[in-house]
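input-v1.txt (compact mmCIF, C-alpha atoms)
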```txt
# COMPACT_ATOMS: atom_id res chain seq x y z
CA MET D 1 78.91 -34.80 -15.27
CA ALA D 2 76.04 -34.65 -17.78
CA MET D 3 74.86 -37.79 -19.50
CA ASP D 4 76.69 -38.50 -22.78
CA ALA D 5 73.84 -39.83 -24.95
CA GLU D 6 76.07 -41.00 -27.80
CA LYS D 7 78.40 -42.83 -25.44
CA LEU D 8 75.43 -44.43 -23.70
CA ARG D 9 73.85 -45.61 -26.96
CA ASN D 10 77.11 -47.29 -27.92
CA TRP D 11 78.01 -48.66 -24.50
CA LYS D 12 80.01 -51.86 -24.89
CA PHE D 13 79.25 -54.75 -22.57
CA GLU D 14 81.50 -57.70 -21.94
CA ASP D 15 79.74 -61.06 -21.99
CA VAL D 16 78.80 -62.23 -18.49
CA ILE D 17 79.73 -65.88 -17.95
CA GLN D 18 77.81 -67.34 -15.04
CA THR D 19 77.64 -70.86 -13.64
CA PHE D 20 74.37 -71.73 -11.94
CA THR D 21 73.90 -74.80 -9.74
CA LYS D 22 70.73 -76.60 -8.73
CA ARG D 23 71.16 -74.96 -5.34
CA ASP D 24 71.06 -71.54 -7.04
CA THR D 25 67.89 -72.56 -8.89
CA MET D 26 66.21 -73.56 -5.64
CA LEU D 27 67.41 -70.37 -3.92
CA TYR D 28 65.87 -68.22 -6.68
CA ALA D 29 62.55 -70.08 -6.32
CA LEU D 30 62.60 -69.56 -2.54
CA GLY D 31 63.37 -65.88 -3.20
CA VAL D 32 60.09 -65.46 -5.09
CA GLY D 33 58.20 -67.40 -2.42
CA ALA D 34 57.89 -70.87 -3.95
CA GLY D 35 57.50 -73.63 -1.38
CA SER D 36 55.51 -71.49 1.04
CA ASP D 37 53.21 -74.52 1.31
CA PRO D 38 55.57 -77.52 1.60
CA LEU D 39 52.68 -79.88 0.74
CA ASP D 40 51.92 -78.15 -2.58
CA GLU D 41 53.55 -80.58 -5.03
CA SER D 42 53.04 -78.18 -7.95
CA GLU D 43 55.58 -75.85 -6.31
CA LEU D 44 57.77 -78.43 -4.58
CA ARG D 45 59.29 -79.13 -8.01
CA TYR D 46 60.94 -75.69 -7.93
CA VAL D 47 62.58 -76.01 -4.49
CA TYR D 48 63.43 -79.74 -4.17
CA GLU D 49 66.27 -81.45 -5.99
CA ASP D 50 64.34 -84.56 -7.07
CA ASP D 51 62.94 -83.80 -10.57
CA LEU D 52 63.87 -80.12 -10.10
CA VAL D 53 62.36 -77.62 -12.58
CA ALA D 54 63.48 -74.01 -13.08
CA LEU D 55 60.93 -71.22 -12.95
CA PRO D 56 61.03 -69.41 -16.33
CA THR D 57 61.32 -66.02 -14.59
CA MET D 58 64.71 -67.17 -13.28
CA VAL D 59 66.22 -65.93 -16.56
CA THR D 60 66.03 -62.40 -15.08
CA VAL D 61 68.95 -63.23 -12.75
CA LEU D 62 71.10 -65.02 -15.36
CA GLY D 63 73.93 -63.16 -17.10
CA TYR D 64 73.05 -59.96 -15.21
CA GLN D 65 75.41 -57.02 -15.77
CA GLY D 66 74.72 -55.54 -12.37
CA PHE D 67 73.82 -51.88 -11.83
CA TRP D 68 76.14 -50.68 -14.61
CA LEU D 69 74.39 -47.28 -14.87
CA LYS D 70 76.15 -46.36 -11.62
CA ASP D 71 79.40 -46.24 -13.65
CA SER D 72 80.52 -42.59 -13.62
CA GLY D 73 81.36 -42.85 -17.32
CA THR D 74 77.66 -42.95 -18.24
CA GLY D 75 77.00 -39.51 -16.76
CA VAL D 76 73.60 -40.82 -15.66
CA ASP D 77 72.10 -39.59 -12.39
CA TRP D 78 71.89 -43.15 -11.08
CA ARG D 79 70.07 -42.15 -7.88
CA LYS D 80 67.05 -41.29 -10.01
CA VAL D 81 67.01 -44.47 -12.11
CA VAL D 82 64.01 -46.80 -11.74
CA HIS D 83 63.08 -50.02 -13.49
CA GLY D 84 60.20 -49.13 -15.81
CA GLU D 85 59.31 -52.24 -17.79
CA GLN D 86 60.45 -55.84 -18.19
CA ALA D 87 59.76 -58.54 -20.75
CA ILE D 88 61.08 -62.08 -21.10
CA THR D 89 60.68 -64.46 -24.03
CA ILE D 90 61.62 -68.10 -23.45
CA HIS D 91 63.03 -69.88 -26.51
CA ALA D 92 64.09 -73.17 -24.89
CA PRO D 93 63.57 -74.90 -21.52
CA VAL D 94 65.49 -73.14 -18.75
CA PRO D 95 68.12 -75.57 -17.37
CA THR D 96 68.34 -76.08 -13.62
CA SER D 97 72.14 -75.88 -13.75
CA GLY D 98 74.92 -75.07 -16.18
CA THR D 99 77.09 -72.22 -17.42
CA PHE D 100 75.31 -69.36 -19.15
CA ILE D 101 76.37 -66.41 -21.27
CA GLY D 102 74.58 -63.09 -20.77
CA ARG D 103 74.98 -60.82 -23.82
CA THR D 104 73.60 -57.28 -23.36
CA ARG D 105 73.15 -54.40 -25.80
CA ILE D 106 71.45 -50.99 -25.84
CA THR D 107 68.59 -50.80 -28.34
CA GLY D 108 67.02 -47.41 -27.61
CA LEU D 109 67.44 -44.09 -25.83
CA ILE D 110 64.36 -41.85 -25.82
CA ASP D 111 64.24 -38.24 -24.66
CA LYS D 112 60.97 -37.44 -22.86
CA GLY D 113 62.01 -33.80 -22.41
CA LYS D 114 63.60 -31.58 -19.78
CA ASP D 115 62.34 -32.44 -16.30
CA ARG D 116 60.56 -35.49 -17.75
CA GLY D 117 63.48 -37.89 -17.95
CA ALA D 118 64.62 -40.41 -20.55
CA LEU D 119 63.95 -44.05 -21.38
CA LEU D 120 66.84 -46.47 -21.89
CA ILE D 121 65.95 -49.76 -23.56
CA SER D 122 68.31 -52.74 -23.39
CA GLU D 123 68.17 -56.36 -24.50
CA ARG D 124 69.92 -59.38 -23.05
CA ASP D 125 70.30 -62.80 -24.62
CA ILE D 126 70.80 -65.82 -22.36
CA ILE D 127 72.77 -68.59 -24.05
CA ALA D 128 73.77 -72.01 -22.70
CA LYS D 129 77.57 -71.95 -23.00
CA GLU D 130 78.19 -75.63 -23.73
CA SER D 131 75.42 -76.25 -26.28
CA GLY D 132 75.05 -72.73 -27.68
CA THR D 133 71.28 -72.96 -27.16
CA HIS D 134 69.53 -69.59 -27.06
CA ILE D 135 67.51 -69.88 -23.85
CA ALA D 136 65.82 -66.49 -23.58
CA THR D 137 65.66 -62.86 -24.64
CA LEU D 138 65.03 -60.13 -22.07
CA VAL D 139 63.99 -56.55 -22.83
CA SER D 140 64.27 -53.97 -20.05
CA THR D 141 63.26 -50.32 -19.95
CA SER D 142 64.97 -48.09 -17.40
CA PHE D 143 63.47 -44.69 -16.58
CA LEU D 144 66.29 -42.17 -16.18
CA ARG D 145 64.31 -39.57 -14.27
CA GLY D 146 67.13 -37.03 -14.06
CA ASP D 147 68.46 -37.17 -17.62
CA GLY D 148 65.82 -35.79 -19.99
CA GLY D 149 66.25 -32.88 -22.36
CA PHE D 150 69.46 -34.06 -24.06
CA GLY D 151 68.08 -33.41 -27.55
CA GLY D 152 67.46 -37.01 -28.54
CA PRO D 153 64.49 -38.58 -30.34
CA SER D 154 61.15 -38.55 -28.51
CA GLY D 155 60.11 -41.95 -29.83
CA PRO D 156 59.07 -44.48 -30.72
CA THR D 157 58.25 -45.59 -27.18
CA PRO D 158 57.62 -49.26 -26.36
CA ALA D 159 54.01 -50.32 -26.94
CA VAL D 160 51.97 -50.80 -23.77
CA HIS D 161 49.55 -53.73 -23.54
CA THR D 162 45.99 -52.62 -22.76
CA LEU D 163 44.07 -54.62 -20.18
CA PRO D 164 40.41 -55.57 -20.74
CA GLU D 165 37.86 -53.22 -19.20
CA LYS D 166 35.95 -55.87 -17.30
CA ALA D 167 36.25 -57.90 -14.12
CA PRO D 168 39.15 -60.38 -14.16
CA ASP D 169 38.49 -64.02 -14.94
CA ALA D 170 40.49 -65.22 -11.94
CA THR D 171 42.62 -63.87 -9.09
CA LEU D 172 45.18 -65.30 -6.68
CA ASP D 173 46.58 -63.77 -3.49
CA ILE D 174 50.17 -64.68 -2.60
CA PRO D 175 51.59 -63.30 0.68
CA THR D 176 55.24 -62.28 0.80
CA LEU D 177 57.49 -62.70 3.84
CA PRO D 178 58.89 -59.75 5.81
CA ARG D 179 62.35 -61.15 4.91
CA GLN D 180 61.48 -61.83 1.24
CA ALA D 181 63.85 -59.18 -0.18
CA LEU D 182 66.70 -60.49 1.98
CA ILE D 183 66.28 -63.93 0.41
CA TYR D 184 65.75 -62.70 -3.15
CA ARG D 185 68.85 -60.46 -3.15
CA LEU D 186 71.04 -63.56 -2.69
CA SER D 187 70.28 -64.36 -6.35
CA GLY D 188 72.33 -61.36 -7.45
CA ASP D 189 70.61 -57.99 -6.98
CA MET D 190 72.42 -56.64 -3.93
CA ASN D 191 71.05 -53.09 -4.15
CA PRO D 192 70.97 -51.87 -0.51
CA LEU D 193 67.60 -50.22 -1.17
CA HIS D 194 66.12 -53.68 -0.59
CA ALA D 195 68.00 -54.41 2.65
CA ASP D 196 69.19 -51.29 4.48
CA PRO D 197 66.52 -49.18 6.24
CA LYS D 198 68.81 -46.12 6.18
CA VAL D 199 69.25 -46.32 2.40
CA ALA D 200 65.50 -46.82 1.96
CA ALA D 201 64.79 -43.75 4.10
CA VAL D 202 67.09 -41.57 1.98
CA ALA D 203 65.18 -42.80 -1.10
CA GLY D 204 61.89 -41.77 0.53
CA PHE D 205 60.58 -45.16 1.66
CA ARG D 206 59.49 -46.11 5.17
CA ALA D 207 61.35 -49.44 4.87
CA PRO D 208 63.35 -51.42 2.29
CA ILE D 209 61.13 -52.27 -0.68
CA LEU D 210 60.78 -55.56 -2.50
CA HIS D 211 62.67 -55.95 -5.78
CA GLY D 212 60.43 -55.34 -8.80
CA LEU D 213 61.76 -58.53 -10.38
CA CYS D 214 60.83 -60.45 -7.22
CA SER D 215 57.24 -59.25 -7.69
CA PHE D 216 57.59 -60.28 -11.34
CA GLY D 217 58.54 -63.79 -10.21
CA VAL D 218 55.59 -63.93 -7.79
CA ALA D 219 53.29 -62.96 -10.67
CA GLY D 220 54.84 -65.76 -12.73
CA ARG D 221 53.95 -68.24 -9.97
CA ALA D 222 50.38 -66.93 -9.94
CA LEU D 223 50.13 -67.26 -13.75
CA ALA D 224 51.33 -70.86 -13.48
CA LYS D 225 48.54 -71.68 -11.02
CA LEU D 226 45.77 -69.69 -12.72
CA ALA D 227 46.53 -70.35 -16.39
CA CYS D 228 48.99 -73.26 -16.69
CA GLY D 229 47.60 -75.98 -14.45
CA GLY D 230 50.51 -75.45 -12.07
CA ASP D 231 53.16 -75.96 -14.77
CA ALA D 232 55.22 -72.75 -14.99
CA SER D 233 57.27 -74.14 -17.90
CA ARG D 234 54.27 -73.39 -20.14
CA ILE D 235 54.98 -69.65 -19.74
CA LYS D 236 56.79 -68.58 -22.91
CA HIS D 237 56.51 -64.80 -22.61
CA MET D 238 55.82 -62.24 -19.88
CA GLN D 239 55.87 -58.46 -20.01
CA VAL D 240 54.89 -55.86 -17.40
CA ARG D 241 55.17 -52.22 -16.47
CA PHE D 242 56.36 -51.54 -12.91
CA SER D 243 53.89 -49.03 -11.52
CA SER D 244 54.44 -48.90 -7.75
CA PRO D 245 56.68 -50.47 -5.09
CA ILE D 246 55.58 -53.06 -2.56
CA TYR D 247 57.01 -53.79 0.87
CA PRO D 248 58.11 -57.26 2.02
CA GLY D 249 55.35 -58.81 4.10
CA GLU D 250 52.54 -57.41 1.97
CA THR D 251 50.26 -59.57 -0.19
CA ILE D 252 50.40 -59.64 -3.99
CA ARG D 253 47.07 -60.24 -5.72
CA THR D 254 47.42 -61.19 -9.39
CA GLU D 255 44.40 -60.74 -11.63
CA ILE D 256 44.15 -62.39 -15.05
CA TRP D 257 42.02 -62.19 -18.18
CA ARG D 258 42.11 -65.22 -20.50
CA ASN D 259 42.15 -64.98 -24.30
CA GLY D 260 43.25 -68.37 -25.56
CA ALA D 261 47.04 -68.61 -25.38
CA GLU D 262 47.32 -64.94 -24.37
CA ILE D 263 46.78 -63.91 -20.77
CA SER D 264 46.41 -60.30 -19.71
CA PHE D 265 47.32 -59.65 -16.08
CA ARG D 266 48.20 -57.16 -13.39
CA SER D 267 49.25 -57.41 -9.74
CA ARG D 268 48.33 -55.22 -6.81
CA CYS D 269 49.25 -54.81 -3.17
CA VAL D 270 46.20 -56.06 -1.28
CA GLU D 271 46.82 -54.13 1.95
CA ARG D 272 47.12 -50.72 0.24
CA ASP D 273 45.04 -51.47 -2.90
CA VAL D 274 47.83 -50.19 -5.14
CA VAL D 275 48.67 -51.68 -8.56
CA ILE D 276 52.35 -52.68 -8.55
CA LEU D 277 52.60 -54.49 -11.92
CA ASN D 278 50.44 -53.18 -14.75
CA ASN D 279 49.69 -53.82 -18.43
CA GLY D 280 50.85 -57.42 -18.13
CA LEU D 281 50.79 -59.85 -21.05
CA ALA D 282 51.77 -63.52 -20.97
CA ARG D 283 51.81 -66.14 -23.71
CA ILE D 284 51.20 -69.72 -22.70
CA ALA D 285 52.12 -72.95 -24.50
CA ALA D 286 49.46 -75.65 -24.82
```
So that I can check it, write out the structure of this file as structure tokens.
Amino acid sequence: MAMDAEKLRNWKFEDVIQTFTKRDTMLYALGVGAGSDPLDESELRYVYEDDLVALPTMVTVLGYQGFWLKDSGTGVDWRKVVHGEQAITIHAPVPTSGTFIGRTRITGLIDKGKDRGALLISERDIIAKESGTHIATLVSTSFLRGDGGFGGPSGPTPAVHTLPEKAPDATLDIPTLPRQALIYRLSGDMNPLHADPKVAAVAGFRAPILHGLCSFGVAGRALAKLACGGDASRIKHMQVRFSSPIYPGETIRTEIWRNGAEISFRSRCVERDVVILNNGLARIAA
């Protein structure tokens, strides 16, 4: 069945109501590698219940609709869907526990042309159910590689942040574990591509790959250390373009360029010298 662009633009989502415990908060942090050095007190706060703090990137697993594009009603060739870009904006401190509302909507569908795919842009608000506090806004771009040429608008496309053309001001290498994806998926993204070698092989990978949003969380940890004095709660905005996959067990090197409260960044796989997160921009509170 061909993609129904009008139906997709007007896709109705039910609110996702999700209760998160402190255990879930610690599990997410372990999933992005926090606590790899148990003596690092700047990261112990994310994985230990005394004075527990939530990593701001945790909002990516709150109120998640799941892989809804696999619904046959969309007409999308879901096997060719990849996560293209992700942005988060934090409006209020992320609680370590509570019940959250995830409210998703489609904000754009761009036709790149036949054999060039389409871009689907969605937004998700994260709201604390009891207080009504707006915690965060997420903007995601999905690249529908098999669904271009439907006659839709060719723009405007999301603006891409340009990185400085000079050596980075600072870098940090963070190794991932061979079992990193198996831990991260317990926070909600159960796509077998990240766990089952047979599924990964069909998709053209030599092994299950790490979730892009896990790499995003690792980059958030690096930003906290390089630009926030170890305090990740100072991160108020992050945006990236996913440019290449990384395998669990490889090392993520995050490079940053400072410009006051704005930090440009990218992350690469050290072992293969491949950029995995590109055109990154973060905004940091004082």
- Task: Choose the residue, out of D:Met3, D:Val270, D:Leu44, D:Ala200, that has the smallest atom-to-atom separation from D:Thr171; count all atoms listed in the file.
- Result: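 The shortest atom-to-atom distance to D:Thr171 comes from D:Val270.
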- Message: Would you compute the distance between atom CA of D:Ile183 and atom CA of D:Ser215? Give it in Å to one decimal.
- Response: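 We find that atom CA of D:Ile183 and atom CA of D:Ser215 lie 13.0 Å from each other.
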- Which polymer residues have any atom within 9 Å of an atom of D:Leu213, counting all atoms listed in the file, with same-chain residues fewer than 5 positions away left out, as a ChimeraX atom specification? /D:32,57,60-61,86,218
- Between atom CA of D:Leu226 and atom CA of D:Arg23, what is the distance, to one decimal in Å?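 It comes out at 27.0 Å.
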- Item | Residue among D:Arg266, D:Lys166, D:Arg253, D:Lys129 lying closest to D:Thr99, counting only C-alpha atoms |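 The answer is D:Lys129, which sits nearest to D:Thr99.
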- Shortest interatomic distance to D:His211 - which of D:Arg105, D:His83, D:Arg234, D:Lys114, counting only C-alpha atoms: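 Of the candidates, the smallest distance to D:His211 is held by D:His83.
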- Message: Between D:Ile252, D:Ile90, D:Leu120, D:Ile174, which residue has the minimum interatomic distance to D:Thr133, considering all atoms listed in the file?
- Response: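 Counting all atoms listed in the file, the residue closest to D:Thr133 is D:Ile90.
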- Separation of atom CA of D:Phe67 from atom CA of D:Thr176 in Å: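 Computing the Euclidean distance for atom CA of D:Thr176 and atom CA of D:Phe67 yields 24.8 Å.
With distances restricted to only C-alpha atoms, D:Gly280 is the closest residue to D:Gly220 from D:Pro245, D:Gly280, D:Pro95, D:Pro168.
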- Option closest in space to D:Ile263, from D:Asp169, D:Ala201, D:Phe216, D:Asp189 [counting all atoms listed in the file]: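 Ranking D:Asp169, D:Ala201, D:Phe216, D:Asp189 by distance to D:Ile263, first place goes to D:Asp169.
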